[in-house]
Each structure stands twice: as C-alpha cells, then as structure tokens.
file final.csv (CSV, N, CA and C atoms)
chain,number,residue,atom,x,y,z
A,1,MET,N,175.2,-93.8,33.4
A,1,MET,CA,173.8,-93.5,33.3
A,1,MET,C,173.6,-92.0,33.0
A,2,ARG,N,172.6,-91.7,32.2
A,2,ARG,CA,172.4,-90.2,32.0
A,2,ARG,C,171.6,-89.6,33.1
A,3,ILE,N,171.6,-88.3,33.2
A,3,ILE,CA,170.9,-87.6,34.3
A,3,ILE,C,169.4,-88.0,34.4
A,4,SER,N,168.8,-88.1,33.2
A,4,SER,CA,167.4,-88.5,33.2
A,4,SER,C,167.1,-89.9,33.8
A,5,GLN,N,168.0,-90.8,33.5
A,5,GLN,CA,167.9,-92.1,34.1
A,5,GLN,C,168.2,-92.1,35.6
A,6,ILE,N,169.1,-91.3,36.0
A,6,ILE,CA,169.4,-91.2,37.4
A,6,ILE,C,168.2,-90.6,38.2
A,7,ALA,N,167.7,-89.6,37.6
A,7,ALA,CA,166.5,-88.9,38.2
A,7,ALA,C,165.3,-89.9,38.3
A,8,GLN,N,165.1,-90.5,37.3
A,8,GLN,CA,163.9,-91.5,37.3
A,8,GLN,C,164.1,-92.6,38.3
A,9,SER,N,165.3,-93.2,38.3
A,9,SER,CA,165.6,-94.3,39.2
A,9,SER,C,165.5,-93.8,40.7
A,10,ALA,N,165.9,-92.6,40.9
A,10,ALA,CA,165.9,-92.1,42.3
A,10,ALA,C,164.5,-91.5,42.7
A,11,GLY,N,163.6,-91.4,41.7
A,11,GLY,CA,162.3,-90.9,42.0
A,11,GLY,C,162.2,-89.3,42.1
A,12,VAL,N,163.1,-88.6,41.4
A,12,VAL,CA,163.1,-87.2,41.5
A,12,VAL,C,163.1,-86.6,40.0
A,13,GLY,N,163.0,-85.4,39.9
A,13,GLY,CA,163.2,-84.7,38.6
A,13,GLY,C,164.6,-84.4,38.3
A,14,VAL,N,164.9,-84.1,37.0
A,14,VAL,CA,166.2,-83.8,36.6
A,14,VAL,C,166.7,-82.5,37.3
A,15,GLU,N,165.7,-81.5,37.5
A,15,GLU,CA,166.1,-80.3,38.1
A,15,GLU,C,166.5,-80.5,39.6
A,16,THR,N,166.0,-81.5,40.2
A,16,THR,CA,166.4,-81.9,41.6
A,16,THR,C,167.8,-82.3,41.6
A,17,VAL,N,168.2,-83.2,40.6
A,17,VAL,CA,169.6,-83.7,40.5
A,17,VAL,C,170.5,-82.5,40.3
A,18,ARG,N,170.1,-81.6,39.4
A,18,ARG,CA,171.0,-80.4,39.1
A,18,ARG,C,171.1,-79.5,40.4
A,19,PHE,N,170.0,-79.4,41.1
A,19,PHE,CA,170.0,-78.6,42.3
A,19,PHE,C,170.9,-79.2,43.4
A,20,TYR,N,170.9,-80.5,43.5
A,20,TYR,CA,171.8,-81.2,44.5
A,20,TYR,C,173.3,-81.0,44.0
A,21,GLU,N,173.5,-81.0,42.7
A,21,GLU,CA,174.8,-80.7,42.2
A,21,GLU,C,175.3,-79.3,42.6
A,22,ARG,N,174.4,-78.3,42.4
A,22,ARG,CA,174.8,-77.0,42.7
A,22,ARG,C,175.1,-76.8,44.2
A,23,LYS,N,174.3,-77.6,45.0
A,23,LYS,CA,174.5,-77.5,46.5
A,23,LYS,C,175.7,-78.4,47.0
A,24,LYS,N,176.4,-79.0,46.0
A,24,LYS,CA,177.5,-79.9,46.3
A,24,LYS,C,177.2,-81.1,47.2
A,25,LEU,N,175.9,-81.5,47.0
A,25,LEU,CA,175.5,-82.8,47.7
A,25,LEU,C,175.9,-84.0,46.9
A,26,ILE,N,175.8,-83.8,45.6
A,26,ILE,CA,176.3,-84.9,44.7
A,26,ILE,C,177.3,-84.3,43.7
A,27,GLU,N,178.1,-85.1,43.2
A,27,GLU,CA,179.2,-84.6,42.3
A,27,GLU,C,178.7,-84.7,40.9
A,28,GLN,N,178.9,-83.6,40.1
A,28,GLN,CA,178.5,-83.6,38.7
A,28,GLN,C,179.7,-84.3,38.0
A,29,PRO,N,179.4,-85.3,37.2
A,29,PRO,CA,180.5,-85.9,36.4
A,29,PRO,C,181.0,-85.0,35.3
A,30,LEU,N,182.2,-85.2,35.0
A,30,LEU,CA,182.8,-84.4,33.9
A,30,LEU,C,182.1,-84.7,32.6
A,31,LYS,N,182.0,-83.6,31.7
A,31,LYS,CA,181.5,-83.8,30.4
A,31,LYS,C,182.5,-84.5,29.5
A,32,PRO,N,182.2,-85.5,28.8
A,32,PRO,CA,183.2,-86.2,27.9
A,32,PRO,C,183.8,-85.2,26.9
A,33,VAL,N,185.1,-85.3,26.8
A,33,VAL,CA,185.8,-84.4,25.9
A,33,VAL,C,185.3,-84.6,24.4
A,34,SER,N,184.9,-85.8,24.1
A,34,SER,CA,184.4,-86.0,22.8
A,34,SER,C,183.0,-85.6,22.6
A,35,GLY,N,182.4,-85.0,23.6
A,35,GLY,CA,181.0,-84.5,23.5
A,35,GLY,C,180.1,-85.6,24.0
A,36,GLY,N,178.8,-85.3,23.9
A,36,GLY,CA,177.9,-86.3,24.4
A,36,GLY,C,177.4,-86.0,25.8
A,37,PHE,N,176.8,-87.0,26.4
A,37,PHE,CA,176.2,-86.8,27.8
A,37,PHE,C,177.2,-87.2,28.9
A,38,ARG,N,177.0,-86.6,30.0
A,38,ARG,CA,177.7,-86.9,31.2
A,38,ARG,C,177.2,-88.3,31.7
A,39,ALA,N,178.2,-89.1,32.2
A,39,ALA,CA,177.8,-90.4,32.7
A,39,ALA,C,177.9,-90.4,34.2
A,40,TYR,N,176.7,-90.7,34.8
A,40,TYR,CA,176.6,-90.7,36.3
A,40,TYR,C,176.8,-92.2,36.8
A,41,PRO,N,177.5,-92.3,37.9
A,41,PRO,CA,177.6,-93.7,38.4
A,41,PRO,C,176.3,-94.0,39.2
A,42,ARG,N,176.0,-95.3,39.3
A,42,ARG,CA,174.8,-95.8,39.9
A,42,ARG,C,174.7,-95.3,41.4
A,43,GLU,N,175.9,-95.1,42.0
A,43,GLU,CA,175.9,-94.7,43.4
A,43,GLU,C,175.1,-93.4,43.7
A,44,VAL,N,175.0,-92.6,42.6
A,44,VAL,CA,174.3,-91.3,42.8
A,44,VAL,C,172.8,-91.5,43.1
A,45,ILE,N,172.3,-92.6,42.7
A,45,ILE,CA,170.9,-93.0,43.0
A,45,ILE,C,170.8,-93.1,44.5
A,46,THR,N,171.7,-93.9,45.1
A,46,THR,CA,171.7,-94.1,46.5
A,46,THR,C,171.9,-92.8,47.3
A,47,GLN,N,172.8,-91.9,46.8
A,47,GLN,CA,173.0,-90.6,47.4
A,47,GLN,C,171.7,-89.8,47.4
A,48,ILE,N,171.1,-89.7,46.3
A,48,ILE,CA,169.8,-88.9,46.1
A,48,ILE,C,168.8,-89.5,47.1
A,49,ARG,N,168.6,-90.8,47.1
A,49,ARG,CA,167.6,-91.4,48.0
A,49,ARG,C,167.9,-91.1,49.5
A,50,PHE,N,169.2,-91.1,49.8
A,50,PHE,CA,169.7,-90.7,51.2
A,50,PHE,C,169.2,-89.3,51.5
A,51,ILE,N,169.5,-88.4,50.5
A,51,ILE,CA,169.2,-87.0,50.7
A,51,ILE,C,167.7,-86.8,50.9
A,52,ARG,N,166.9,-87.5,50.1
A,52,ARG,CA,165.4,-87.3,50.2
A,52,ARG,C,164.9,-87.9,51.5
A,53,ARG,N,165.4,-89.0,51.9
A,53,ARG,CA,165.0,-89.6,53.2
A,53,ARG,C,165.3,-88.7,54.4
A,54,ALA,N,166.6,-88.2,54.4
A,54,ALA,CA,167.0,-87.3,55.4
A,54,ALA,C,166.1,-86.0,55.5
A,55,GLN,N,165.8,-85.5,54.3
A,55,GLN,CA,164.9,-84.3,54.2
A,55,GLN,C,163.6,-84.6,54.8
A,56,ASN,N,163.0,-85.8,54.4
A,56,ASN,CA,161.7,-86.2,54.9
A,56,ASN,C,161.7,-86.3,56.5
A,57,LEU,N,162.9,-86.6,57.1
A,57,LEU,CA,163.0,-86.6,58.5
A,57,LEU,C,163.2,-85.2,59.1
A,58,GLY,N,163.3,-84.2,58.3
A,58,GLY,CA,163.4,-82.9,58.8
A,58,GLY,C,164.8,-82.2,58.7
A,59,PHE,N,165.7,-83.0,58.2
A,59,PHE,CA,167.1,-82.4,58.2
A,59,PHE,C,167.2,-81.4,57.0
A,60,SER,N,167.9,-80.3,57.3
A,60,SER,CA,168.1,-79.3,56.3
A,60,SER,C,169.2,-79.9,55.3
A,61,LEU,N,169.3,-79.2,54.2
A,61,LEU,CA,170.4,-79.6,53.2
A,61,LEU,C,171.8,-79.5,53.8
A,62,LYS,N,172.0,-78.5,54.7
A,62,LYS,CA,173.3,-78.4,55.3
A,62,LYS,C,173.5,-79.6,56.2
A,63,GLU,N,172.5,-79.9,57.0
A,63,GLU,CA,172.6,-81.1,57.9
A,63,GLU,C,172.8,-82.4,57.1
A,64,VAL,N,172.1,-82.5,56.0
A,64,VAL,CA,172.2,-83.7,55.1
A,64,VAL,C,173.7,-83.8,54.7
A,65,LYS,N,174.2,-82.7,54.2
A,65,LYS,CA,175.6,-82.7,53.8
A,65,LYS,C,176.5,-83.2,54.9
A,66,ASP,N,176.3,-82.7,56.1
A,66,ASP,CA,177.1,-83.1,57.3
A,66,ASP,C,177.0,-84.6,57.5
A,67,LEU,N,175.7,-85.1,57.4
A,67,LEU,CA,175.5,-86.5,57.6
A,67,LEU,C,176.2,-87.4,56.5
A,68,MET,N,176.2,-86.9,55.3
A,68,MET,CA,176.9,-87.6,54.2
A,68,MET,C,178.4,-87.6,54.5
A,69,SER,N,178.9,-86.5,55.0
A,69,SER,CA,180.3,-86.4,55.3
A,69,SER,C,180.7,-87.4,56.4
A,70,LEU,N,179.8,-87.6,57.4
A,70,LEU,CA,180.0,-88.6,58.5
A,70,LEU,C,180.0,-90.0,57.9
A,71,ARG,N,179.2,-90.2,56.9
A,71,ARG,CA,179.0,-91.5,56.3
A,71,ARG,C,180.3,-92.0,55.7
A,72,ILE,N,181.1,-91.1,55.1
A,72,ILE,CA,182.3,-91.5,54.4
A,72,ILE,C,183.6,-91.3,55.3
A,73,ASP,N,183.4,-90.6,56.5
A,73,ASP,CA,184.6,-90.4,57.3
A,73,ASP,C,184.9,-91.7,58.1
A,74,PRO,N,186.0,-92.3,57.9
A,74,PRO,CA,186.3,-93.5,58.6
A,74,PRO,C,186.5,-93.3,60.1
A,75,ARG,N,186.8,-92.1,60.6
A,75,ARG,CA,186.9,-91.8,62.0
A,75,ARG,C,185.6,-91.5,62.7
A,76,ALA,N,184.6,-91.2,61.9
A,76,ALA,CA,183.3,-90.8,62.5
A,76,ALA,C,182.7,-92.0,63.3
A,77,ASP,N,181.9,-91.6,64.3
A,77,ASP,CA,181.3,-92.6,65.1
A,77,ASP,C,179.8,-92.5,65.0
A,78,CYS,N,179.1,-93.7,65.1
A,78,CYS,CA,177.7,-93.7,65.0
A,78,CYS,C,177.0,-92.9,66.1
A,79,GLY,N,177.7,-92.8,67.2
A,79,GLY,CA,177.1,-92.0,68.3
A,79,GLY,C,176.9,-90.5,67.9
A,80,GLU,N,177.8,-90.0,67.0
A,80,GLU,CA,177.6,-88.6,66.6
A,80,GLU,C,176.4,-88.5,65.7
A,81,VAL,N,176.1,-89.5,64.9
A,81,VAL,CA,174.9,-89.5,64.1
A,81,VAL,C,173.7,-89.5,65.0
A,82,ARG,N,173.8,-90.4,66.0
A,82,ARG,CA,172.6,-90.5,66.9
A,82,ARG,C,172.4,-89.2,67.6
A,83,GLN,N,173.4,-88.5,68.0
A,83,GLN,CA,173.2,-87.2,68.7
A,83,GLN,C,172.5,-86.2,67.8
A,84,ARG,N,172.9,-86.2,66.5
A,84,ARG,CA,172.3,-85.3,65.6
A,84,ARG,C,170.8,-85.7,65.4
A,85,ALA,N,170.5,-87.0,65.3
A,85,ALA,CA,169.1,-87.4,65.2
A,85,ALA,C,168.3,-87.0,66.4
A,86,GLN,N,168.9,-87.1,67.6
A,86,GLN,CA,168.3,-86.7,68.8
A,86,GLN,C,168.0,-85.2,68.9
A,87,ALA,N,169.0,-84.5,68.4
A,87,ALA,CA,168.8,-83.0,68.4
A,87,ALA,C,167.7,-82.6,67.4
A,88,LYS,N,167.6,-83.3,66.3
A,88,LYS,CA,166.6,-83.1,65.3
A,88,LYS,C,165.2,-83.4,65.9
A,89,ARG,N,165.1,-84.5,66.6
A,89,ARG,CA,163.9,-84.9,67.3
A,89,ARG,C,163.5,-83.8,68.3
A,90,GLN,N,164.4,-83.3,69.1
A,90,GLN,CA,164.1,-82.2,70.0
A,90,GLN,C,163.6,-81.0,69.3
A,91,GLU,N,164.2,-80.7,68.2
A,91,GLU,CA,163.8,-79.5,67.4
A,91,GLU,C,162.3,-79.7,66.9
A,92,VAL,N,162.0,-81.0,66.5
A,92,VAL,CA,160.7,-81.3,66.0
A,92,VAL,C,159.7,-81.2,67.2
A,93,ASN,N,160.1,-81.7,68.3
A,93,ASN,CA,159.2,-81.6,69.5
A,93,ASN,C,158.9,-80.1,69.9
A,94,GLU,N,159.9,-79.3,69.8
A,94,GLU,CA,159.7,-77.8,70.0
A,94,GLU,C,158.7,-77.2,69.0
A,95,LYS,N,158.9,-77.6,67.8
A,95,LYS,CA,158.0,-77.1,66.7
A,95,LYS,C,156.5,-77.6,67.0
A,96,ILE,N,156.4,-78.8,67.4
A,96,ILE,CA,155.1,-79.4,67.7
A,96,ILE,C,154.4,-78.6,68.9
A,97,GLU,N,155.2,-78.3,69.9
A,97,GLU,CA,154.7,-77.5,71.0
A,97,GLU,C,154.3,-76.1,70.6
A,98,GLN,N,155.1,-75.5,69.7
A,98,GLN,CA,154.7,-74.2,69.2
A,98,GLN,C,153.4,-74.3,68.4
A,99,LEU,N,153.3,-75.3,67.6
A,99,LEU,CA,152.0,-75.5,66.8
A,99,LEU,C,150.8,-75.7,67.7
A,100,HIS,N,151.0,-76.4,68.8
A,100,HIS,CA,149.9,-76.6,69.8
A,100,HIS,C,149.5,-75.2,70.4
A,101,ARG,N,150.5,-74.4,70.7
A,101,ARG,CA,150.2,-73.0,71.2
A,101,ARG,C,149.5,-72.2,70.2
A,102,VAL,N,149.9,-72.3,68.9
A,102,VAL,CA,149.2,-71.6,67.9
A,102,VAL,C,147.8,-72.1,67.7
A,103,ARG,N,147.6,-73.4,67.7
A,103,ARG,CA,146.2,-74.0,67.6
A,103,ARG,C,145.4,-73.5,68.8
A,104,ASP,N,145.9,-73.5,70.0
A,104,ASP,CA,145.1,-73.1,71.2
A,104,ASP,C,144.8,-71.6,71.1
A,105,ALA,N,145.7,-70.8,70.6
A,105,ALA,CA,145.4,-69.4,70.4
A,105,ALA,C,144.3,-69.2,69.4
A,106,LEU,N,144.4,-69.9,68.3
A,106,LEU,CA,143.3,-69.8,67.3
A,106,LEU,C,142.0,-70.3,67.8
A,107,ASP,N,142.0,-71.4,68.6
A,107,ASP,CA,140.7,-71.8,69.2
A,107,ASP,C,140.1,-70.7,70.1
A,108,THR,N,141.0,-70.0,70.8
A,108,THR,CA,140.5,-69.0,71.7
A,108,THR,C,139.8,-67.8,70.9
A,109,VAL,N,140.5,-67.4,69.9
A,109,VAL,CA,139.9,-66.3,69.1
A,109,VAL,C,138.7,-66.7,68.3
A,110,ILE,N,138.7,-68.0,67.8
A,110,ILE,CA,137.5,-68.5,67.0
A,110,ILE,C,136.3,-68.6,68.0
A,111,ASN,N,136.6,-69.1,69.2
A,111,ASN,CA,135.5,-69.3,70.1
A,111,ASN,C,134.9,-68.0,70.6
A,112,ALA,N,135.7,-67.0,70.6
A,112,ALA,CA,135.2,-65.6,71.0
A,112,ALA,C,134.5,-64.9,69.9
A,113,CYS,N,134.6,-65.4,68.7
A,113,CYS,CA,134.0,-64.7,67.6
A,113,CYS,C,132.5,-65.2,67.4
A,114,PRO,N,131.6,-64.2,67.3
A,114,PRO,CA,130.2,-64.6,67.1
A,114,PRO,C,129.9,-65.2,65.7
A,115,GLY,N,130.8,-64.9,64.8
A,115,GLY,CA,130.6,-65.4,63.4
A,115,GLY,C,129.7,-64.7,62.5
A,116,ARG,N,129.3,-63.5,63.0
A,116,ARG,CA,128.4,-62.6,62.2
A,116,ARG,C,128.6,-61.2,62.6
A,117,GLY,N,128.2,-60.3,61.8
A,117,GLY,CA,128.3,-58.9,62.1
A,117,GLY,C,129.4,-58.2,61.2
A,118,SER,N,129.5,-57.0,61.4
A,118,SER,CA,130.5,-56.2,60.7
A,118,SER,C,131.9,-56.6,61.0
A,119,THR,N,132.8,-56.5,60.0
A,119,THR,CA,134.2,-56.8,60.2
A,119,THR,C,134.8,-55.7,61.1
A,120,ARG,N,134.2,-54.6,61.2
A,120,ARG,CA,134.7,-53.5,62.0
A,120,ARG,C,134.7,-53.9,63.5
A,121,THR,N,133.8,-54.8,63.8
A,121,THR,CA,133.7,-55.2,65.2
A,121,THR,C,134.1,-56.7,65.4
A,122,CYS,N,134.8,-57.2,64.4
A,122,CYS,CA,135.2,-58.6,64.4
A,122,CYS,C,136.2,-58.8,65.5
A,123,SER,N,135.9,-59.8,66.4
A,123,SER,CA,136.8,-60.0,67.5
A,123,SER,C,138.1,-60.6,67.1
A,124,ILE,N,138.1,-61.4,66.0
A,124,ILE,CA,139.4,-62.0,65.6
A,124,ILE,C,140.3,-60.9,65.0
A,125,LEU,N,139.7,-60.0,64.1
A,125,LEU,CA,140.5,-58.9,63.6
A,125,LEU,C,141.0,-58.0,64.7
A,126,GLY,N,140.1,-57.7,65.7
A,126,GLY,CA,140.5,-56.9,66.8
A,126,GLY,C,141.7,-57.5,67.6
A,127,GLU,N,141.6,-58.8,67.8
A,127,GLU,CA,142.7,-59.5,68.5
A,127,GLU,C,144.0,-59.4,67.7
A,128,LEU,N,143.9,-59.5,66.4
A,128,LEU,CA,145.1,-59.4,65.6
A,128,LEU,C,145.7,-58.0,65.6
A,129,GLU,N,144.9,-57.0,65.7
A,129,GLU,CA,145.3,-55.6,65.7
A,129,GLU,C,146.1,-55.3,67.0
A,130,LYS,N,145.8,-56.0,68.1
A,130,LYS,CA,146.4,-55.7,69.3
A,130,LYS,C,148.0,-55.9,69.2
A,131,GLY,N,148.4,-56.8,68.3
A,131,GLY,CA,149.8,-57.0,68.1
A,131,GLY,C,150.5,-57.8,69.2
A,132,GLN,N,149.8,-58.4,70.0
A,132,GLN,CA,150.4,-59.2,71.1
A,132,GLN,C,150.6,-60.6,70.6
A,133,SER,N,151.7,-61.2,70.8
A,133,SER,CA,152.0,-62.6,70.4
A,133,SER,C,152.1,-63.4,71.7
A,134,SER,N,151.8,-64.7,71.5
A,134,SER,CA,151.9,-65.6,72.7
A,134,SER,C,153.2,-66.2,72.8
call {"tool": "encode", "arguments": {"input": "final.csv", "output": "structure tokens"}}
result
Amino acid sequence: MRISQIAQSAGVGVETVRFYERKKLIEQPLKPVSGGFRAYPREVITQIRFIRRAQNLGFSLKEVKDLMSLRIDPRADCGEVRQRAQAKRQEVNEKIEQLHRVRDALDTVINACPGRGSTRTCSILGELEKGQSS
C-alpha cells in the first residue's frame, strides 16, 4: 500500500505517518531500487491506530513507543502494561486535581471582581500582579 492509502485507512494524514516514521514509531519501507513508491505493509494501519488510541488515553509518544516494545517482547508481562496504565491514570487524576484548584482560584477572583470600573483598580489584575501561586 502507498503512504496515502495507509494514512486514509488509519484515519490520519500523510504528514502524521511521516512524523511517526521520524519518531521511529513505525518503520519506513525501503524505496524500490527500480523507483516508484514505497510499499507499506497493512500492519502499519494497526500500528498507527494503536498509537492514536494510546495518545487519546494520554500516553506520550515515548510511552507509546515503550508500550509497542512491550507488545512485541515475548518476555513482557501484561502486569507491566497494567502498571503503566495505572500510573497514567494517577497522572491524569493529579492533573484533574490541579485543574480543580485552578478553577477554584478563578472562581475566587471572578467573584471578587465587581465587573466594572477602571482596569487600574481591577481586582483580578491586582491579584495577578501579586505573583502568588496556589
């Protein structure tokens, strides 16, 4: 299959396929000696879909590469994959907590703002100038 066919079948753009090649997530096939187009095996579609799903779950490209390595390692154990997923979930929970703190801090400054008057006396801008973070 040509790169455009692979990209279309995987639901990504050609540049995404090339990006994954540069990041060594998928292998770029050799260019035929006689010229013409590179021929991609159908398995690349599955690999790209794997990458996209893992990214949608919050895994970085490095983490995706590690997961892909575990997938092909005959000595790897599913428990290791589970631990990585649990660690990712904990990371997501920490980000959610941080976002809650940010939301609460925004609520506080918004509620303290009268919503009118000169920006020189704006309570939100004043709070930001204090430089204190929560």
call {"tool": "residues_around", "arguments": {"input": "final.csv", "residues": "Ile6 (chain A)", "least_positions_apart": "2", "cutoff": "12 Å", "atoms": "only C-alpha atoms", "output": "list in words"}}
result
Met1, Arg2, Ile3, Ser4, Gln8, Ser9, Ala10, Gly11, Val12, Gly13, Val14, Glu15, Thr16, Val17, Arg18, Ile26, Gln28, Arg38, Ala39, Tyr40, Pro41, Arg42, Glu43, Val44, Ile45, Thr46, Gln47, Ile48 and Arg49 of chain A
call {"tool": "residues_around", "arguments": {"input": "final.csv", "residues": "region 89-94 of chain A", "least_positions_apart": "6", "cutoff": "8 Å", "atoms": "all atoms listed in the file", "output": "NGL selection string"}}
result
:A and (57-58 or 83 or 100)
call {"tool": "atom_distance", "arguments": {"input": "final.csv", "atom1": "atom N of Ala7 (chain A)", "atom2": "CA of Phe37 (chain A)"}}
result
13.3 Å
call {"tool": "atom_distance", "arguments": {"input": "final.csv", "atom1": "atom N of Glu21 (chain A)", "atom2": "atom C of Asp66 (chain A)"}}
result
15.6 Å
call {"tool": "atom_distance", "arguments": {"input": "final.csv", "atom1": "CA of Ala85 (chain A)", "atom2": "CA of Arg101 (chain A)"}}
result
24.5 Å
call {"tool": "closest_residue", "arguments": {"input": "final.csv", "among": "A:Gln5, A:Gly115, A:Pro74, A:Val109", "to": "Glu127 (chain A)", "atoms": "all atoms listed in the file"}}
result
A:Val109
call {"tool": "select_by_dssp", "arguments": {"input": "final.csv", "residues": "chain A", "states": "helix (DSSP H, G or I)", "output": "number ranges by chain"}}
result
A: 3-10, 14-22, 43-56, 61-72, 78-112, 119-121, 123-130
